[in-house]
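Student: Please read through the structure below; I'll follow up with questions.
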Amino acid sequence: MRDDTRRNMPLFSMGTVQKLTELTPRQVRYYEQQGLIRPARTNGNQRLFSFNDVDRLLHIKNLMEKGVNIAGVKEMLQKEEQKEGVVTEATPPQTVKKPEISEAELHKLLKRQLSELSARPNQSHLLRGELSRFFH
DNA sequence: GTTCTTACA
DNA sequence: TGTAAGAA
């Protein structure tokens with residue numbers, strides 16, 4: 001399974017994202033309205049966020065804390081998307097031999113690690129890019 | 001019990 | 001942005 005595929009896999013509920021990013025559901029939904037993220041939906045219309053979504057949210061949060069407004073955040077994110085588009089074409093075949101993990105197992109793994117995260121509420125939350133540690 | 005949408009202080 | 005109402 002490609003790393004890219006894994007990063008775009010819809011896995012997180014609103015509650016999980018809230019803990020991961022420390023953003024309120026209100027803010028997360030607002031950012032979605034602004035087109036900053038596009039989480040998938042369950043049959044019951046529940047949002048399902050991917051690693052990419054969470055990463056973007058963390059990015060957005062960092063920018064906002066620096067005083068960048070929504071408009072500014074949009075521009076920066078758009079530029080990154082353009083960059084990704086170019087890179088995607090040149091993405092070389094990977095020689096990955098990572099053991100295949102079922103979606104169910106991934107869920108278990110994530111749930112466990114997220115529990116550890118919420119176990120220490122005082123510490124500062126995730127930094128942008130830190131999410132990548134879940135892939136190792 | 002959690003999340004969704006819509007609407008208003 | 002926060003919060004309330006009503007539905008899923």
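Simple scheme: letters A, B, ... for chains in structure tokens order, numbers from 1 for residues in each chain, numbers from 1 for ligands in the order shown.
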For the interface of chain B with chain A (cut-off 9 Å, counting only C-alpha atoms (C1' of nucleotides)), please tabulate each contacting residue of chain B alongside its nearest pair of atoms and their separation in Å to one decimal, rows sorted by chain and increasing number, as a Markdown table.
Tutor:
```
| residue | atom | partner | partner_atom | distance |
| --- | --- | --- | --- | --- |
| B:DT2 | C1' | A:Gly15 | CA | 7.9 |
| B:DT3 | C1' | A:Gln46 | CA | 6.4 |
| B:DC4 | C1' | A:Gln46 | CA | 7.1 |
```
Student: Find the residues around segment 71-74 of chain A up to 8 Å (only C-alpha atoms (C1' of nucleotides) counted), leave out those fewer than 5 positions away in its own chain, and share them as a list in words.
Tutor: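 The neighbour list is Leu36, Ile60, Leu63 and Met64 of chain A.
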Student: Can you spit out the residues from that selection as a compact mmCIF listing (two decimals), in the first residue's frame, using N, CA, C and O atoms?
Tutor:
```txt
# COMPACT_ATOMS: atom_id res chain seq x y z
N LEU A 36 -10.88 24.56 3.02
CA LEU A 36 -9.52 24.27 3.44
C LEU A 36 -9.28 22.77 3.60
O LEU A 36 -8.15 22.30 3.49
N ILE A 60 -3.10 24.82 9.45
CA ILE A 60 -4.01 25.96 9.52
C ILE A 60 -3.93 26.61 10.90
O ILE A 60 -3.83 27.82 11.03
N LEU A 63 -0.79 28.59 11.40
CA LEU A 63 -0.82 29.86 10.67
C LEU A 63 -1.72 30.87 11.37
O LEU A 63 -1.38 32.04 11.51
N MET A 64 -2.89 30.39 11.81
CA MET A 64 -3.83 31.27 12.49
C MET A 64 -3.21 31.86 13.75
O MET A 64 -3.41 33.03 14.07
```
Student: Would you mind listing, as a VMD selection string, all residues of chain C that have at least one atom within 10 Å of chain A, where only C-alpha atoms (C1' of nucleotides) are what counts?
Tutor: chain C and resid 1 to 2 8
Student: Could you jot down the atom CA of Tyr31 of chain A to atom CA of Asp53 of chain A separation for me, Å, one decimal place?
Tutor: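 Between atom CA of Tyr31 of chain A and atom CA of Asp53 of chain A the gap works out to 10.8 Å.
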Student: For Pro10 of chain A, work out the shell of residues within 7 Å, counting only C-alpha atoms (C1' of nucleotides) and skipping chain neighbours fewer than 5 positions away, then give it as a list in words.
Tutor: Ala40, Leu48, Phe49 and Ser50 of chain A
Student: Would you mind exporting N, CA, C and O atoms of the selected residues as a PDB file, in the first residue's frame?
Tutor:
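result18.pdb written:
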```pdb
ATOM      1  N   ALA A  40     -13.946  12.978   4.243  1.00  0.00           N
ATOM      2  CA  ALA A  40     -14.915  12.064   3.648  1.00  0.00           C
ATOM      3  C   ALA A  40     -16.112  11.977   4.585  1.00  0.00           C
ATOM      4  O   ALA A  40     -16.104  12.558   5.663  1.00  0.00           O
ATOM      5  N   LEU A  48     -15.236  11.906   8.247  1.00  0.00           N
ATOM      6  CA  LEU A  48     -14.106  11.016   8.507  1.00  0.00           C
ATOM      7  C   LEU A  48     -12.862  11.704   7.974  1.00  0.00           C
ATOM      8  O   LEU A  48     -12.722  11.908   6.774  1.00  0.00           O
ATOM      9  N   PHE A  49     -11.962  12.053   8.881  1.00  0.00           N
ATOM     10  CA  PHE A  49     -10.756  12.772   8.492  1.00  0.00           C
ATOM     11  C   PHE A  49      -9.571  11.842   8.277  1.00  0.00           C
ATOM     12  O   PHE A  49      -9.441  10.820   8.939  1.00  0.00           O
ATOM     13  N   SER A  50      -8.734  12.213   7.327  1.00  0.00           N
ATOM     14  CA  SER A  50      -7.540  11.423   7.032  1.00  0.00           C
ATOM     15  C   SER A  50      -6.337  12.105   7.693  1.00  0.00           C
ATOM     16  O   SER A  50      -6.459  13.194   8.241  1.00  0.00           O
TER      17      SER A  50
END
```
Student: Suppose you want the space between atom CA of Leu57 of chain A and atom CA of Thr21 of chain A; what is it in Å?
Tutor: 7.0 Å
